[in-house]
Amino acid sequence: MTKSLGDYLDMWFEGKTLKDVMGLEGVIGNFAEPYQAGTAYVLLYHAFGEVNGRIGAWGIARGGMGAITQAMASFARTKGVAIETNVSVKEVIVKAGKTQGVVTDDGRKITSRVIAGNIHPQILLMKMLDPALLSADEKRRIKNYRNH
């Protein structure tokens with residue numbers, strides 16, 4: 001999922017023409033160059049996805065991709081979820097091996113039973129959490145995580 005489209009196609013094919021044809025599926029509508037991390041996922045999404053039972057068909061959200069996140073946020077709010085934007089988190093609070101909340105850059109502590117985040121895994125696991133919570137193998141794996 002994190003590999004670039006170019007690296008993925010280079011693993012399987014030698015010919016530039018075939019890679020160009022296959023690569024179109026991974027960059028169309030993606031606004032990313034083929035060697036950007038994560039672009040291989042787009043190829044796989046287009047190849048294996050389906051819409052209404054049609055394999056390889058594409059679906060486009062009414063209102064654009066932002067409509068999807070707005071719908072998710074709206075549903076979450078009906079379930080009592082508080083969503084806060086425009087604030088940075090500097091630390092994840094962990095007690096007895098379980099996440100308890102976060103500390104924001106402005107010093108607020110926000111506690112919650114469940115925490116969801118969208119952040120680079122190396123930043124989350126090596127900077128926002130105490131690295132001592134990770135095993136030696138987990139530290140090695142996250143340190144060597146290739147994302148570009």
# chains A, B, ... in the order shown; residues from 1 in each chain; ligands from 1
call {"tool": "residues_around", "arguments": {"residues": "Gly23 in chain A", "least_positions_apart": "4", "cutoff": "10 Å", "atoms": "only C-alpha atoms", "output": "list of chain:residue names"}}
result
A:Leu5, A:Gly6, A:Tyr8, A:Leu9, A:Lys16, A:Thr17, A:Leu18, A:Lys19, A:Val27, A:Ile28, A:Pro34, A:Thr39, A:Ala40, A:Val42, A:Leu43
call {"tool": "select_by_dssp", "arguments": {"residues": "chain A", "states": "strand (DSSP E)", "output": "ChimeraX atom specification"}}
result
/A:50-51,54-55,89-95,98-104,109-111
call {"tool": "closest_atom_pairs", "arguments": {"of": "range 28-101 of chain A", "to": "range 127-142 of chain A", "cutoff": "6 Å", "atoms": "only C-alpha atoms", "output": "tab-separated table"}}
result
residue	atom	partner	partner_atom	distance
A:Lys90	CA	A:Met128	CA	6.0
A:Glu91	CA	A:Met128	CA	4.4
A:Val92	CA	A:Met128	CA	5.6
call {"tool": "atom_distance", "arguments": {"atom1": "CA of Val102 in chain A", "atom2": "CA of Ser88 in chain A"}}
result
9.9 Å
call {"tool": "select_by_dssp", "arguments": {"residues": "chain A", "states": "alpha helix (DSSP H)", "output": "ChimeraX atom specification"}}
result
/A:5-12,16-27,39-48,66-78,121-123,136-143
call {"tool": "write_last_selection", "arguments": {"atoms": "C-alpha atoms", "output": "CSV table (one decimal), in the first residue's frame"}}
result
chain,number,residue,atom,x,y,z
A,5,LEU,CA,3.4,2.8,-8.6
A,6,GLY,CA,6.7,3.0,-10.5
A,7,ASP,CA,8.5,0.7,-8.1
A,8,TYR,CA,5.6,-1.8,-8.1
A,9,LEU,CA,5.5,-1.9,-11.9
A,10,ASP,CA,9.3,-2.1,-12.1
A,11,MET,CA,9.1,-5.3,-10.0
A,12,TRP,CA,6.9,-7.0,-12.5
A,16,LYS,CA,8.4,0.8,-20.7
A,17,THR,CA,5.3,0.7,-23.0
A,18,LEU,CA,3.5,-1.9,-20.9
A,19,LYS,CA,4.4,-0.1,-17.7
A,20,ASP,CA,3.1,3.1,-19.2
A,21,VAL,CA,-0.3,1.5,-20.1
A,22,MET,CA,-0.6,-0.2,-16.7
A,23,GLY,CA,0.6,3.0,-14.9
A,24,LEU,CA,-2.3,5.1,-16.3
A,25,GLU,CA,-4.7,3.3,-13.9
A,26,GLY,CA,-2.5,4.4,-11.0
A,27,VAL,CA,-2.1,8.1,-11.8
A,39,THR,CA,0.5,5.4,-5.7
A,40,ALA,CA,0.6,1.6,-6.2
A,41,TYR,CA,-2.5,1.5,-4.1
A,42,VAL,CA,-4.4,3.5,-6.7
A,43,LEU,CA,-3.6,0.9,-9.4
A,44,LEU,CA,-4.8,-1.9,-7.2
A,45,TYR,CA,-7.9,0.0,-6.2
A,46,HIS,CA,-8.8,0.5,-9.8
A,47,ALA,CA,-8.0,-3.1,-10.8
A,48,PHE,CA,-9.8,-4.8,-8.0
A,66,GLY,CA,-14.8,15.9,0.5
A,67,ALA,CA,-18.4,14.7,0.6
A,68,ILE,CA,-17.2,11.3,1.9
A,69,THR,CA,-15.3,12.8,4.9
A,70,GLN,CA,-18.2,15.2,5.6
A,71,ALA,CA,-20.6,12.2,5.6
A,72,MET,CA,-18.3,10.3,7.9
A,73,ALA,CA,-18.0,13.3,10.2
A,74,SER,CA,-21.8,13.8,10.2
A,75,PHE,CA,-22.4,10.2,11.1
A,76,ALA,CA,-19.8,10.2,13.8
A,77,ARG,CA,-21.3,13.3,15.4
A,78,THR,CA,-24.7,11.5,15.6
A,121,PRO,CA,3.3,6.2,11.4
A,122,GLN,CA,6.9,7.1,12.2
A,123,ILE,CA,5.8,10.4,13.8
A,136,ALA,CA,13.1,-3.8,19.6
A,137,ASP,CA,11.6,-5.5,16.5
A,138,GLU,CA,8.8,-3.0,16.2
A,139,LYS,CA,11.2,-0.1,16.5
A,140,ARG,CA,13.4,-1.6,13.8
A,141,ARG,CA,10.4,-2.1,11.5
A,142,ILE,CA,9.0,1.4,12.0
A,143,LYS,CA,12.5,2.9,11.6
call {"tool": "atom_distance", "arguments": {"atom1": "CA of Gly117 in chain A", "atom2": "CA of Ala57 in chain A"}}
result
29.8 Å
call {"tool": "atom_distance", "arguments": {"atom1": "CA of Gly38 in chain A", "atom2": "CA of Thr99 in chain A"}}
result
27.7 Å
